[in-house]
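Structure file my_file-v9.txt (compact mmCIF, C-alpha atoms and all ligand atoms) is printed below.
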# COMPACT_ATOMS: atom_id res chain seq x y z
CA MET B 244 -63.10 86.10 3.11
CA SER B 245 -64.41 89.18 4.85
CA GLY B 246 -63.66 89.04 8.55
CA THR B 247 -64.73 90.70 11.76
CA SER B 248 -62.38 93.67 11.37
CA LEU B 249 -64.81 94.90 8.66
CA ASP B 250 -61.90 96.17 6.59
CA GLY B 251 -62.82 94.60 3.25
CA VAL B 252 -62.68 91.50 1.06
CA ASP B 253 -59.65 89.19 0.77
CA ALA B 254 -59.77 86.96 -2.31
CA ALA B 255 -57.34 84.11 -2.90
CA LEU B 256 -56.93 81.87 -5.93
CA VAL B 257 -55.77 78.51 -4.64
CA HIS B 258 -54.73 75.40 -6.56
CA PHE B 259 -55.16 71.95 -5.00
CA ASP B 260 -53.49 68.75 -6.11
CA ALA B 261 -55.29 65.48 -5.65
CA GLY B 262 -55.14 64.07 -2.13
CA GLN B 263 -54.89 65.89 1.17
CA SER B 264 -53.13 68.96 -0.15
CA ALA B 265 -53.29 72.23 1.80
CA GLY B 266 -53.22 74.00 -1.56
CA GLN B 267 -50.96 76.46 -3.27
CA LEU B 268 -51.72 80.20 -3.27
CA ILE B 269 -51.66 81.41 -6.87
CA HIS B 270 -52.91 84.99 -6.74
CA THR B 271 -54.58 87.43 -4.34
CA ALA B 272 -56.80 90.51 -4.51
CA TYR B 273 -58.03 92.88 -1.81
CA LEU B 274 -61.04 95.21 -2.07
CA PRO B 275 -61.49 97.58 0.88
CA TYR B 276 -65.07 98.27 1.94
CA PRO B 277 -66.25 101.69 0.82
CA GLU B 278 -66.82 103.71 4.02
CA PRO B 279 -70.66 103.98 3.65
CA LEU B 280 -70.92 100.18 3.29
CA ARG B 281 -68.67 99.67 6.29
CA GLU B 282 -70.87 101.99 8.36
CA ARG B 283 -74.04 100.15 7.34
CA LEU B 284 -72.42 96.80 8.17
CA LEU B 285 -71.35 98.07 11.57
CA ALA B 286 -74.87 99.36 12.25
CA ILE B 287 -76.55 96.05 11.42
CA HIS B 288 -74.52 94.29 14.12
CA PHE B 289 -76.97 95.71 16.64
CA PRO B 290 -80.81 95.78 16.79
CA GLY B 291 -82.45 98.47 14.64
CA ASN B 292 -85.28 99.34 12.32
CA ASN B 293 -86.30 97.01 9.44
CA GLU B 294 -83.26 94.78 9.88
CA LEU B 295 -84.43 91.97 7.58
CA HIS B 296 -84.73 94.31 4.61
CA ARG B 297 -81.47 96.09 5.37
CA ALA B 298 -79.67 92.76 5.84
CA ALA B 299 -80.98 91.42 2.51
CA LEU B 300 -79.85 94.56 0.68
CA LEU B 301 -76.45 94.38 2.35
CA ALA B 302 -76.10 90.72 1.35
CA ASN B 303 -76.76 91.70 -2.26
CA GLU B 304 -74.32 94.60 -2.12
CA LEU B 305 -71.64 92.40 -0.56
CA SER B 306 -72.21 89.77 -3.24
CA GLY B 307 -71.56 92.44 -5.89
CA LEU B 308 -68.28 93.29 -4.17
CA TYR B 309 -67.32 89.60 -3.83
CA SER B 310 -67.96 89.15 -7.53
CA GLN B 311 -65.73 92.16 -8.32
CA ALA B 312 -62.98 90.62 -6.18
CA VAL B 313 -63.31 87.34 -8.12
CA SER B 314 -63.24 89.18 -11.47
CA ARG B 315 -60.09 91.02 -10.48
CA LEU B 316 -58.44 87.81 -9.30
CA LEU B 317 -59.25 86.02 -12.55
CA ALA B 318 -58.28 88.94 -14.79
CA GLU B 319 -54.94 89.57 -13.05
CA SER B 320 -54.03 85.88 -13.07
CA ALA B 321 -55.34 85.33 -16.64
CA THR B 322 -57.58 82.50 -15.43
CA ALA B 323 -60.81 81.57 -17.21
CA PRO B 324 -63.89 81.22 -14.96
CA ASP B 325 -64.46 77.64 -16.17
CA LYS B 326 -61.11 76.68 -14.62
CA ILE B 327 -62.53 77.45 -11.15
CA ASP B 328 -64.25 74.62 -9.27
CA ALA B 329 -65.94 76.88 -6.73
CA ILE B 330 -65.83 80.09 -4.76
CA GLY B 331 -65.70 79.48 -1.00
CA CYS B 332 -67.45 82.56 0.38
CA HIS B 333 -67.62 83.11 4.13
CA GLY B 334 -69.89 86.17 3.97
CA GLN B 335 -69.82 88.94 6.55
CA THR B 336 -70.58 87.94 10.14
CA VAL B 337 -73.06 90.41 11.61
CA ARG B 338 -74.40 88.33 14.50
CA HIS B 339 -72.82 85.38 16.26
CA ARG B 340 -75.12 83.72 18.79
CA PRO B 341 -74.30 80.02 19.11
CA ASP B 342 -75.92 80.24 22.56
CA ALA B 343 -79.21 81.04 20.78
CA GLY B 344 -78.60 78.45 18.03
CA TYR B 345 -77.57 80.69 15.13
CA THR B 346 -74.86 82.71 13.47
CA THR B 347 -75.44 85.12 10.57
CA GLN B 348 -73.02 85.73 7.70
CA LEU B 349 -74.41 88.08 5.10
CA VAL B 350 -74.02 87.02 1.46
CA ASN B 351 -76.48 86.10 -1.30
CA PRO B 352 -74.75 82.96 -2.66
CA GLY B 353 -77.29 82.53 -5.47
CA LEU B 354 -76.56 86.06 -6.68
CA LEU B 355 -72.80 85.50 -6.44
CA ALA B 356 -73.10 82.29 -8.52
CA GLU B 357 -75.24 84.19 -11.04
CA LEU B 358 -72.82 87.14 -11.27
CA THR B 359 -69.70 85.02 -11.64
CA GLY B 360 -70.99 81.90 -13.41
CA ILE B 361 -69.03 79.90 -10.81
CA ALA B 362 -70.36 77.51 -8.14
CA VAL B 363 -70.42 78.98 -4.64
CA VAL B 364 -69.96 77.24 -1.30
CA ALA B 365 -71.38 79.34 1.55
CA ASP B 366 -72.88 79.20 5.05
CA PHE B 367 -69.95 77.32 6.57
CA ARG B 368 -70.89 77.77 10.22
CA SER B 369 -74.58 76.82 10.61
CA ARG B 370 -74.19 73.05 10.41
CA ASP B 371 -71.61 72.99 13.18
CA ILE B 372 -73.95 75.00 15.43
CA ALA B 373 -76.82 72.66 14.52
CA ALA B 374 -74.58 69.81 15.73
CA GLY B 375 -74.12 71.56 19.08
CA GLY B 376 -70.89 73.43 18.22
CA GLN B 377 -69.84 77.06 18.39
CA GLY B 378 -69.65 77.34 14.58
CA ALA B 379 -66.22 78.91 15.14
CA PRO B 380 -63.32 78.98 14.85
CA LEU B 381 -63.17 76.88 11.67
CA VAL B 382 -59.68 77.74 10.44
CA PRO B 383 -57.93 75.44 12.98
CA ALA B 384 -58.64 72.47 10.66
CA PHE B 385 -56.69 74.26 7.94
CA HIS B 386 -53.92 75.21 10.39
CA ALA B 387 -53.66 71.49 11.17
CA ALA B 388 -53.53 70.53 7.48
CA ALA B 389 -50.98 73.19 6.52
CA LEU B 390 -48.82 73.93 9.57
CA HIS B 391 -48.66 70.89 11.85
CA HIS B 392 -45.13 69.66 12.60
CA PRO B 393 -44.46 66.03 13.60
CA ALA B 394 -41.81 66.92 16.22
CA ILE B 395 -42.35 70.55 17.26
CA HIS B 396 -45.21 71.83 19.42
CA ARG B 397 -46.63 74.82 17.56
CA VAL B 398 -49.40 77.29 18.27
CA ILE B 399 -50.98 79.39 15.52
CA VAL B 400 -52.60 82.66 16.58
CA ASN B 401 -54.83 84.59 14.19
CA ILE B 402 -55.22 88.25 15.12
CA GLY B 403 -58.17 89.52 13.07
CA GLY B 404 -61.09 91.47 14.53
CA ILE B 405 -61.27 88.77 17.19
CA SER B 406 -58.20 86.65 17.95
CA ASN B 407 -58.16 82.88 17.95
CA LEU B 408 -55.64 80.16 18.65
CA THR B 409 -54.91 76.66 17.36
CA ASP B 410 -52.81 74.31 19.47
CA LEU B 411 -50.82 71.87 17.30
CA PRO B 412 -48.97 69.40 19.55
CA PRO B 413 -46.79 66.93 17.58
CA SER B 414 -49.14 64.15 18.66
CA GLY B 415 -52.49 64.13 20.41
CA LYS B 416 -55.53 66.30 19.99
CA ILE B 417 -55.59 69.50 18.00
CA THR B 418 -57.60 72.10 19.85
CA GLY B 419 -58.41 75.79 19.45
CA PHE B 420 -60.76 78.58 20.46
CA ASP B 421 -61.27 82.33 20.28
CA CYS B 422 -59.00 84.12 22.79
CA GLY B 423 -60.63 87.56 23.00
CA PRO B 424 -60.46 90.83 21.07
CA GLY B 425 -57.99 91.05 18.23
CA ASN B 426 -57.93 94.39 16.44
CA LEU B 427 -61.55 95.45 16.69
CA LEU B 428 -61.37 97.53 19.88
CA MET B 429 -58.04 99.11 18.89
CA ASP B 430 -59.47 99.90 15.43
CA ALA B 431 -62.66 101.48 16.81
CA TRP B 432 -60.76 103.63 19.33
CA CYS B 433 -58.16 104.69 16.77
CA GLN B 434 -60.87 105.63 14.25
CA ARG B 435 -62.74 107.67 16.83
CA HIS B 436 -59.70 109.61 18.04
CA THR B 437 -57.37 109.86 15.06
CA GLY B 438 -59.67 109.31 12.05
CA GLN B 439 -57.31 106.56 10.86
CA GLN B 440 -58.82 103.16 10.00
CA PHE B 441 -56.29 101.42 12.24
CA ASP B 442 -53.18 102.17 14.26
CA HIS B 443 -50.34 101.59 11.75
CA ALA B 444 -47.74 99.29 13.31
CA GLY B 445 -49.35 100.12 16.68
CA ALA B 446 -47.29 103.34 16.73
CA TRP B 447 -49.97 105.59 18.25
CA GLY B 448 -50.68 103.11 21.04
CA ALA B 449 -46.96 102.59 21.62
CA GLY B 450 -46.64 106.34 22.34
CA GLY B 451 -49.12 106.03 25.23
CA VAL B 452 -48.74 104.48 28.66
CA TYR B 453 -51.02 101.59 29.44
CA LEU B 454 -53.39 101.97 32.39
CA PRO B 455 -53.07 98.95 34.72
CA LYS B 456 -56.35 99.60 36.58
CA LEU B 457 -58.30 99.85 33.33
CA LEU B 458 -56.58 96.76 31.97
CA LYS B 459 -57.54 94.84 35.11
CA LYS B 460 -61.20 95.84 34.69
CA LEU B 461 -61.26 94.91 31.00
CA ALA B 462 -59.43 91.63 31.60
CA ALA B 463 -62.14 90.69 34.12
CA HIS B 464 -64.52 90.10 31.16
CA VAL B 465 -66.08 86.68 31.74
CA PHE B 466 -65.05 85.54 28.24
CA PHE B 467 -61.38 85.21 29.26
CA SER B 468 -62.12 82.73 32.07
CA THR B 469 -64.85 80.82 30.20
CA PRO B 470 -63.61 77.33 29.35
CA ALA B 471 -63.32 76.26 25.68
CA PRO B 472 -65.08 75.57 23.38
CA LYS B 473 -65.83 79.27 23.04
CA SER B 474 -66.15 81.92 20.37
CA ALA B 475 -66.78 85.64 20.43
CA GLY B 476 -68.05 88.47 18.27
CA ARG B 477 -68.88 92.16 18.55
CA GLU B 478 -71.67 91.13 20.95
CA ALA B 479 -68.96 90.56 23.59
CA PHE B 480 -66.31 93.14 22.68
CA ASN B 481 -67.51 96.49 21.34
CA PRO B 482 -66.96 100.22 21.95
CA ASP B 483 -70.00 100.50 24.28
CA TRP B 484 -68.56 97.80 26.52
CA LEU B 485 -65.22 99.65 26.54
CA THR B 486 -66.83 103.03 27.28
CA SER B 487 -68.73 101.54 30.22
CA HIS B 488 -65.33 100.98 31.90
CA LEU B 489 -63.91 104.45 31.26
CA SER B 490 -64.06 107.37 33.66
CA GLY B 491 -63.63 109.88 30.84
CA ASP B 492 -60.41 111.30 32.34
CA GLU B 493 -58.08 108.93 30.50
CA SER B 494 -55.92 110.17 27.64
CA ALA B 495 -57.07 108.61 24.36
CA GLN B 496 -53.54 107.43 23.58
CA ASP B 497 -53.22 105.72 26.97
CA VAL B 498 -56.51 103.90 26.33
CA GLN B 499 -55.11 102.74 22.98
CA ALA B 500 -51.99 101.45 24.76
CA THR B 501 -54.28 99.62 27.22
CA LEU B 502 -56.35 98.06 24.42
CA LEU B 503 -53.16 96.78 22.82
CA GLN B 504 -52.24 95.21 26.17
CA LEU B 505 -55.75 93.71 26.43
CA THR B 506 -55.36 91.99 23.04
CA ALA B 507 -51.93 90.70 24.13
CA TYR B 508 -53.39 89.59 27.48
CA GLY B 509 -56.12 87.48 25.81
CA ILE B 510 -53.56 85.68 23.67
CA VAL B 511 -50.93 85.19 26.36
CA HIS B 512 -53.53 84.06 28.92
CA ALA B 513 -54.86 81.51 26.41
CA ILE B 514 -51.37 80.14 25.70
CA GLU B 515 -50.32 80.05 29.36
CA THR B 516 -53.46 78.26 30.51
CA HIS B 517 -54.03 76.00 27.52
CA CYS B 518 -50.67 75.12 25.98
CA PRO B 519 -47.82 76.42 28.19
CA ASN B 520 -45.39 73.88 26.71
CA ALA B 521 -45.73 75.08 23.13
CA GLN B 522 -42.32 75.82 21.63
CA GLU B 523 -43.26 78.01 18.69
CA VAL B 524 -45.98 80.62 18.28
CA TYR B 525 -46.85 81.76 14.75
CA ILE B 526 -48.99 84.83 14.20
CA CYS B 527 -51.27 85.49 11.23
CA GLY B 528 -54.01 88.02 10.44
CA GLY B 529 -53.63 91.79 10.24
CA GLY B 530 -52.44 91.96 13.87
CA ALA B 531 -49.15 90.45 12.67
CA ARG B 532 -48.49 93.89 11.12
CA ASN B 533 -48.86 95.61 14.49
CA THR B 534 -45.20 95.85 15.50
CA ALA B 535 -45.98 97.09 19.01
CA LEU B 536 -48.37 94.19 19.62
CA MET B 537 -45.83 91.68 18.29
CA GLN B 538 -43.22 93.17 20.64
CA SER B 539 -45.58 92.86 23.63
CA LEU B 540 -46.28 89.23 22.78
CA ARG B 541 -42.58 88.50 22.41
CA THR B 542 -41.86 90.04 25.82
CA ALA B 543 -44.72 88.16 27.48
CA LEU B 544 -43.75 84.78 26.04
CA PRO B 545 -40.03 84.40 26.81
CA GLY B 546 -38.45 81.13 25.78
CA LYS B 547 -40.84 80.61 22.85
CA LEU B 548 -40.08 81.39 19.25
CA LEU B 549 -42.56 84.04 18.09
CA ALA B 550 -42.82 84.72 14.35
CA CYS B 551 -45.30 85.36 11.53
CA THR B 552 -46.66 82.47 9.49
CA ASP B 553 -44.70 83.70 6.44
CA THR B 554 -41.71 82.03 8.12
CA LEU B 555 -43.57 78.79 7.36
CA GLY B 556 -44.38 79.85 3.80
CA ILE B 557 -47.94 81.09 4.40
CA SER B 558 -48.57 84.82 4.20
CA PRO B 559 -50.28 86.09 7.39
CA ASP B 560 -52.46 88.39 5.25
CA TRP B 561 -53.92 85.63 3.07
CA LEU B 562 -54.13 82.65 5.38
CA GLU B 563 -57.86 82.97 6.11
CA ALA B 564 -58.88 83.43 2.47
CA HIS B 565 -56.71 80.42 1.59
CA ALA B 566 -58.38 78.51 4.45
CA PHE B 567 -61.87 79.15 3.08
CA ALA B 568 -60.78 77.81 -0.31
CA TRP B 569 -59.62 74.71 1.56
CA LEU B 570 -62.89 74.49 3.52
CA ALA B 571 -64.90 74.83 0.30
CA ARG B 572 -62.87 72.00 -1.21
CA GLN B 573 -63.62 69.82 1.82
CA THR B 574 -67.33 70.49 1.18
CA LEU B 575 -67.06 69.65 -2.53
CA LEU B 576 -65.29 66.41 -1.63
CA GLY B 577 -67.96 65.57 0.95
CA LEU B 578 -65.40 65.76 3.76
CA PRO B 579 -65.85 67.38 7.19
CA GLY B 580 -64.48 70.87 7.77
CA ASN B 581 -64.95 71.26 11.51
CA LEU B 582 -62.79 69.89 14.31
CA THR B 583 -65.10 68.73 17.10
CA GLU B 584 -62.42 69.31 19.77
CA VAL B 585 -62.38 72.96 18.67
CA THR B 586 -66.03 73.84 18.12
CA GLY B 587 -67.58 71.35 20.53
CA ALA B 588 -69.88 69.89 17.85
CA ARG B 589 -71.17 66.38 18.54
CA HIS B 590 -69.66 65.04 15.31
CA PRO B 591 -67.60 66.07 12.29
CA CYS B 592 -69.78 67.79 9.68
CA VAL B 593 -69.62 68.55 5.99
CA LEU B 594 -69.95 72.32 6.22
CA GLY B 595 -71.91 74.70 4.05
CA ALA B 596 -74.21 74.58 1.06
CA ILE B 597 -73.28 74.34 -2.62
CA TYR B 598 -74.91 76.72 -5.11
CA PRO B 599 -74.17 75.31 -8.58
CA ALA B 600 -72.68 77.47 -11.34
N1 LIG V 701 -49.82 97.77 9.17
C1 LIG V 701 -50.67 97.49 10.15
N2 LIG V 701 -50.46 97.90 11.42
C2 LIG V 701 -51.31 97.63 12.42
N3 LIG V 701 -52.44 96.92 12.25
C3 LIG V 701 -52.72 96.46 11.02
C4 LIG V 701 -51.86 96.70 9.90
N4 LIG V 701 -52.40 96.09 8.81
C5 LIG V 701 -53.56 95.52 9.23
N5 LIG V 701 -53.76 95.73 10.55
C6 LIG V 701 -54.90 95.31 11.36
O1 LIG V 701 -55.45 94.16 10.83
C7 LIG V 701 -56.86 94.30 10.62
C8 LIG V 701 -57.28 93.42 9.48
O2 LIG V 701 -56.94 92.11 9.83
P1 LIG V 701 -57.54 90.85 9.12
O3 LIG V 701 -57.59 91.10 7.67
O4 LIG V 701 -56.81 89.67 9.62
O5 LIG V 701 -59.00 90.88 9.73
P2 LIG V 701 -60.24 90.00 9.39
O6 LIG V 701 -60.18 89.55 7.96
O7 LIG V 701 -61.39 90.81 9.82
O8 LIG V 701 -60.02 88.72 10.28
P3 LIG V 701 -60.94 87.77 11.21
O9 LIG V 701 -61.88 87.06 10.30
O10 LIG V 701 -59.93 86.84 11.76
O11 LIG V 701 -61.58 88.64 12.21
C9 LIG V 701 -57.03 95.80 10.38
O12 LIG V 701 -58.35 96.20 10.71
C10 LIG V 701 -55.99 96.36 11.34
O13 LIG V 701 -56.49 96.44 12.64
C1 LIG V 702 -68.40 84.04 13.84
C2 LIG V 702 -67.15 84.51 13.18
O1 LIG V 702 -67.20 85.05 12.11
N1 LIG V 702 -66.01 84.27 13.83
C3 LIG V 702 -64.71 84.64 13.30
C4 LIG V 702 -64.13 85.80 14.10
O2 LIG V 702 -62.88 86.23 13.55
C5 LIG V 702 -61.83 85.50 14.20
C6 LIG V 702 -62.56 84.59 15.15
O3 LIG V 702 -63.76 85.35 15.39
C7 LIG V 702 -62.95 83.25 14.49
O4 LIG V 702 -63.71 82.52 15.44
C8 LIG V 702 -63.84 83.42 13.26
O5 LIG V 702 -63.15 83.47 12.06
C9 LIG V 702 -62.19 82.56 11.60
C10 LIG V 702 -62.08 82.74 10.15
C11 LIG V 702 -62.47 81.09 11.92
O6 LIG V 702 -63.60 80.64 11.87
O7 LIG V 702 -61.50 80.38 12.18
Before we go any further, please render this structure as structure tokens.
Ligand SMILES: Nc1ncnc2c1ncn2[C@@H]1O[C@H](COP(=O)(O)OP(=O)(O)OP(=O)(O)O)[C@@H](O)[C@H]1O
Ligand SMILES: CC(=O)N[C@H]1[C@@H]2OC[C@@H](O2)[C@@H](O)[C@@H]1O[C@H](C)C(=O)O
Amino acid sequence: MSGTSLDGVDAALVHFDAGQSAGQLIHTAYLPYPEPLRERLLAIHFPGNNELHRAALLANELSGLYSQAVSRLLAESATAPDKIDAIGCHGQTVRHRPDAGYTTQLVNPGLLAELTGIAVVADFRSRDIAAGGQGAPLVPAFHAAALHHPAIHRVIVNIGGISNLTDLPPSGKITGFDCGPGNLLMDAWCQRHTGQQFDHAGAWGAGGVYLPKLLKKLAAHVFFSTPAPKSAGREAFNPDWLTSHLSGDESAQDVQATLLQLTAYGIVHAIETHCPNAQEVYICGGGARNTALMQSLRTALPGKLLACTDTLGISPDWLEAHAFAWLARQTLLGLPGNLTEVTGARHPCVLGAIYPA
């Protein structure tokens, strides 16, 4: 898995028993993106010269990195490649336009299969969009398989680049949608003003004072009031959009504090409007490591238990990589991976394409 934060590659080795198992996490490996690759990936999110060629080269380069992540995983866990059924590879989202009928995740699955000698399942989102869905979020189906409780109303919130929520009532429909920015605006602002990749534990932002007028302007983004099904990418939330709302007089640290509040606002607004009766809120994704953000969420959601998914036995750092192993298994078994109540697709779909070993 390589998500919208553009931080790097998360690889998870997951074992599944027969039946409807959510799988057991065996080993993990993380490869950060080298800075030049990260810059080229960021650049290709927006129109530019010779994009098709640049995108194809990036897909090849990413596939090399994915194969290194797999090699490390197998070497460290002393696992032979022929013991692996398949690699579920999400690729790197660089455009997400369900409104225009497409979403683009860069990866060359044929090259990855060639480099590793292992079958690859890729292109998880296109079929859902073809069936009228958003193509995202897809992880709610895994949240349902792994974290649903028969008596307690839970909500799972992933705070990656974008944040998304899954509502797991004890009975009735499981729903979910993207809530708004996760870390991507905070990361971009922090990088620009401190040179750090992200704001560790949210400490820099916590030292600022949030700007209510700016927050009000940012929270007026149409995405927050758009009804589900909905999904977002850097098309909707990016540094240019942020800058267009700044006067230039704000202190950088206060803007960071405001961006943290904006991320919290998106999540709290989604919970309050969609599932106000939820009893427990579990956070996963890198945002779970942002102590200041977690504190803001706790304050804004009194009366609900707020914790990380590790409380339920699933590491917040590895949940998405684990989920794409699960989604790949669904594909291999010929089972649907999307939840139509989440993505809005007309019917459940077997997601992705299989590239044999
Ligand atoms: N210690 C930390 N303190 C604050 N923020 C952190 C910390 N560790 C990670 N993060 C944040 O988490 C981000 C990475 O999160 P994650 O790996 O969930 O993103 P992702 O894989 O891009 O997810 P998605 O696909 O959901 O967008 C980092 O870019 C950073 O903003
Ligand atoms: C198009 C795309 O890559 N969307 C991501 C992104 O990152 C978080 C959120 O926006 C979610 O909708 C999705 O990722 C997770 C893995 C998902 O599909 O559930």
Find the residues near ligand LIG 702 (chain V). Use a cut-off of 6 Å, count all atoms listed in the file, and write them as a VMD selection string.
chain B and resid 246 to 247 336 339 379 to 382 403 to 407 421 474 to 475 563
Is there a way to get, as a CSV table (one decimal) with C-alpha atoms, in the coordinates of the input, all residues within 10 Å of the point (-73.9, 83.8, -8.4) in file coordinates, counting all atoms listed in the file?
chain,number,residue,atom,x,y,z
B,306,SER,CA,-72.2,89.8,-3.2
B,307,GLY,CA,-71.6,92.4,-5.9
B,309,TYR,CA,-67.3,89.6,-3.8
B,310,SER,CA,-68.0,89.2,-7.5
B,330,ILE,CA,-65.8,80.1,-4.8
B,351,ASN,CA,-76.5,86.1,-1.3
B,352,PRO,CA,-74.8,83.0,-2.7
B,353,GLY,CA,-77.3,82.5,-5.5
B,354,LEU,CA,-76.6,86.1,-6.7
B,355,LEU,CA,-72.8,85.5,-6.4
B,356,ALA,CA,-73.1,82.3,-8.5
B,357,GLU,CA,-75.2,84.2,-11.0
B,358,LEU,CA,-72.8,87.1,-11.3
B,359,THR,CA,-69.7,85.0,-11.6
B,360,GLY,CA,-71.0,81.9,-13.4
B,361,ILE,CA,-69.0,79.9,-10.8
B,362,ALA,CA,-70.4,77.5,-8.1
B,363,VAL,CA,-70.4,79.0,-4.6
B,598,TYR,CA,-74.9,76.7,-5.1
B,599,PRO,CA,-74.2,75.3,-8.6
B,600,ALA,CA,-72.7,77.5,-11.3
For ligand LIG 701 (chain V), which residue out of B:Thr437, B:Asn401, B:Thr322, B:Thr346 is the nearest one, using all atoms listed in the file?
B:Asn401
Can you tell me which residues sit at most 8 Å away from ligand LIG 701 (chain V), counting only C-alpha atoms and all ligand atoms, written as a PyMOL selection string?
chain B and resi 244-253+401-407+425-427+429-430+440-445+527-534+559-560+563
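Taking atom CA of B:Ala588 and atom CA of B:Gln377 as endpoints, the distance between them is 7.2 Å.
Contact shell of B:Tyr525 at 10 Å (all atoms listed in the file; same-chain neighbours under 3 positions omitted): B:Leu390, B:Arg397, B:Val398, B:Ile399, B:Val400, B:Asn401, B:Leu408, B:Thr409, B:Ala531, B:Leu548, B:Leu549, B:Ala550, B:Cys551, B:Thr552, B:Asp553, B:Thr554, B:Leu555, B:Pro559.
Using all atoms listed in the file for every distance, the candidate list B:Gln439, B:Trp447, B:Asp325, B:Leu582 yields B:Leu582 as the residue closest to B:His386.
Using only C-alpha atoms for every distance, the candidate list B:Gly415, B:Pro472, B:Gly266, B:Gly344 yields B:Pro472 as the residue closest to B:Thr583.
Note that the spacing between atom CA of B:Gln263 and atom CA of B:Arg370 amounts to 22.6 Å.
For the point (-51.2, 62.6, 19.8), the residues with an atom at a distance of at most 12 Å are B:His391, B:His392, B:Pro393, B:Ala394, B:His396, B:Asp410, B:Leu411, B:Pro412, B:Pro413, B:Ser414, B:Gly415, B:Lys416, B:Ile417, B:Thr418, counting all atoms listed in the file.
When only C-alpha atoms are used to measure the gap to B:Phe385, the shortest distance among B:Ala431, B:Ala255, B:Ala462, B:Ala568 belongs to B:Ala568.
When only C-alpha atoms are used to compute distances to B:Ala521, the closest of the residues B:Ile395, B:Leu503, B:Pro455, B:Gly334 turns out to be B:Ile395.
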Show me, as a ChimeraX atom specification, the residues that have an atom within 12 Å of B:Thr542 when counting all atoms listed in the file, minus same-chain residues fewer than 5 positions from it.
/B:504,507-508,511,535-537,547-549
C-alpha atoms of the current selection, written as a PDB file, keeping the file's coordinate frame:
ATOM      1  CA  GLN B 504     -52.240  95.210  26.170  1.00  0.00           C
ATOM      2  CA  ALA B 507     -51.930  90.700  24.130  1.00  0.00           C
ATOM      3  CA  TYR B 508     -53.390  89.590  27.480  1.00  0.00           C
ATOM      4  CA  VAL B 511     -50.930  85.190  26.360  1.00  0.00           C
ATOM      5  CA  ALA B 535     -45.980  97.090  19.010  1.00  0.00           C
ATOM      6  CA  LEU B 536     -48.370  94.190  19.620  1.00  0.00           C
ATOM      7  CA  MET B 537     -45.830  91.680  18.290  1.00  0.00           C
ATOM      8  CA  LYS B 547     -40.840  80.610  22.850  1.00  0.00           C
ATOM      9  CA  LEU B 548     -40.080  81.390  19.250  1.00  0.00           C
ATOM     10  CA  LEU B 549     -42.560  84.040  18.090  1.00  0.00           C
TER      11      LEU B 549
END
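Among the candidates B:Ala373, B:Val452, B:Leu562, B:Ala596, the one nearest to B:Leu502 when counting all atoms listed in the file is B:Val452.
Across the structure, atom CA of B:His270 and atom CA of B:Ala323 are spaced 13.6 Å apart.
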Output as a Markdown table one row per residue of stretch 400-499 of chain B within 12 Å of stretch 279-290 of chain B: the closest atom pair and its distance in Å to one decimal place, counting only C-alpha atoms, sorted by chain and residue number ascending.
| residue | atom | partner | partner_atom | distance |
| --- | --- | --- | --- | --- |
| B:Leu427 | CA | B:Leu285 | CA | 11.4 |
| B:Ala431 | CA | B:Leu285 | CA | 10.7 |
| B:Gln440 | CA | B:Arg281 | CA | 11.1 |
| B:Gly476 | CA | B:His288 | CA | 9.6 |
| B:Arg477 | CA | B:His288 | CA | 7.5 |
| B:Glu478 | CA | B:His288 | CA | 8.0 |
| B:Ala479 | CA | B:His288 | CA | 11.6 |
| B:Phe480 | CA | B:His288 | CA | 11.9 |
| B:Asn481 | CA | B:His288 | CA | 10.3 |
| B:Pro482 | CA | B:Leu285 | CA | 11.5 |
| B:Asp483 | CA | B:Phe289 | CA | 11.4 |
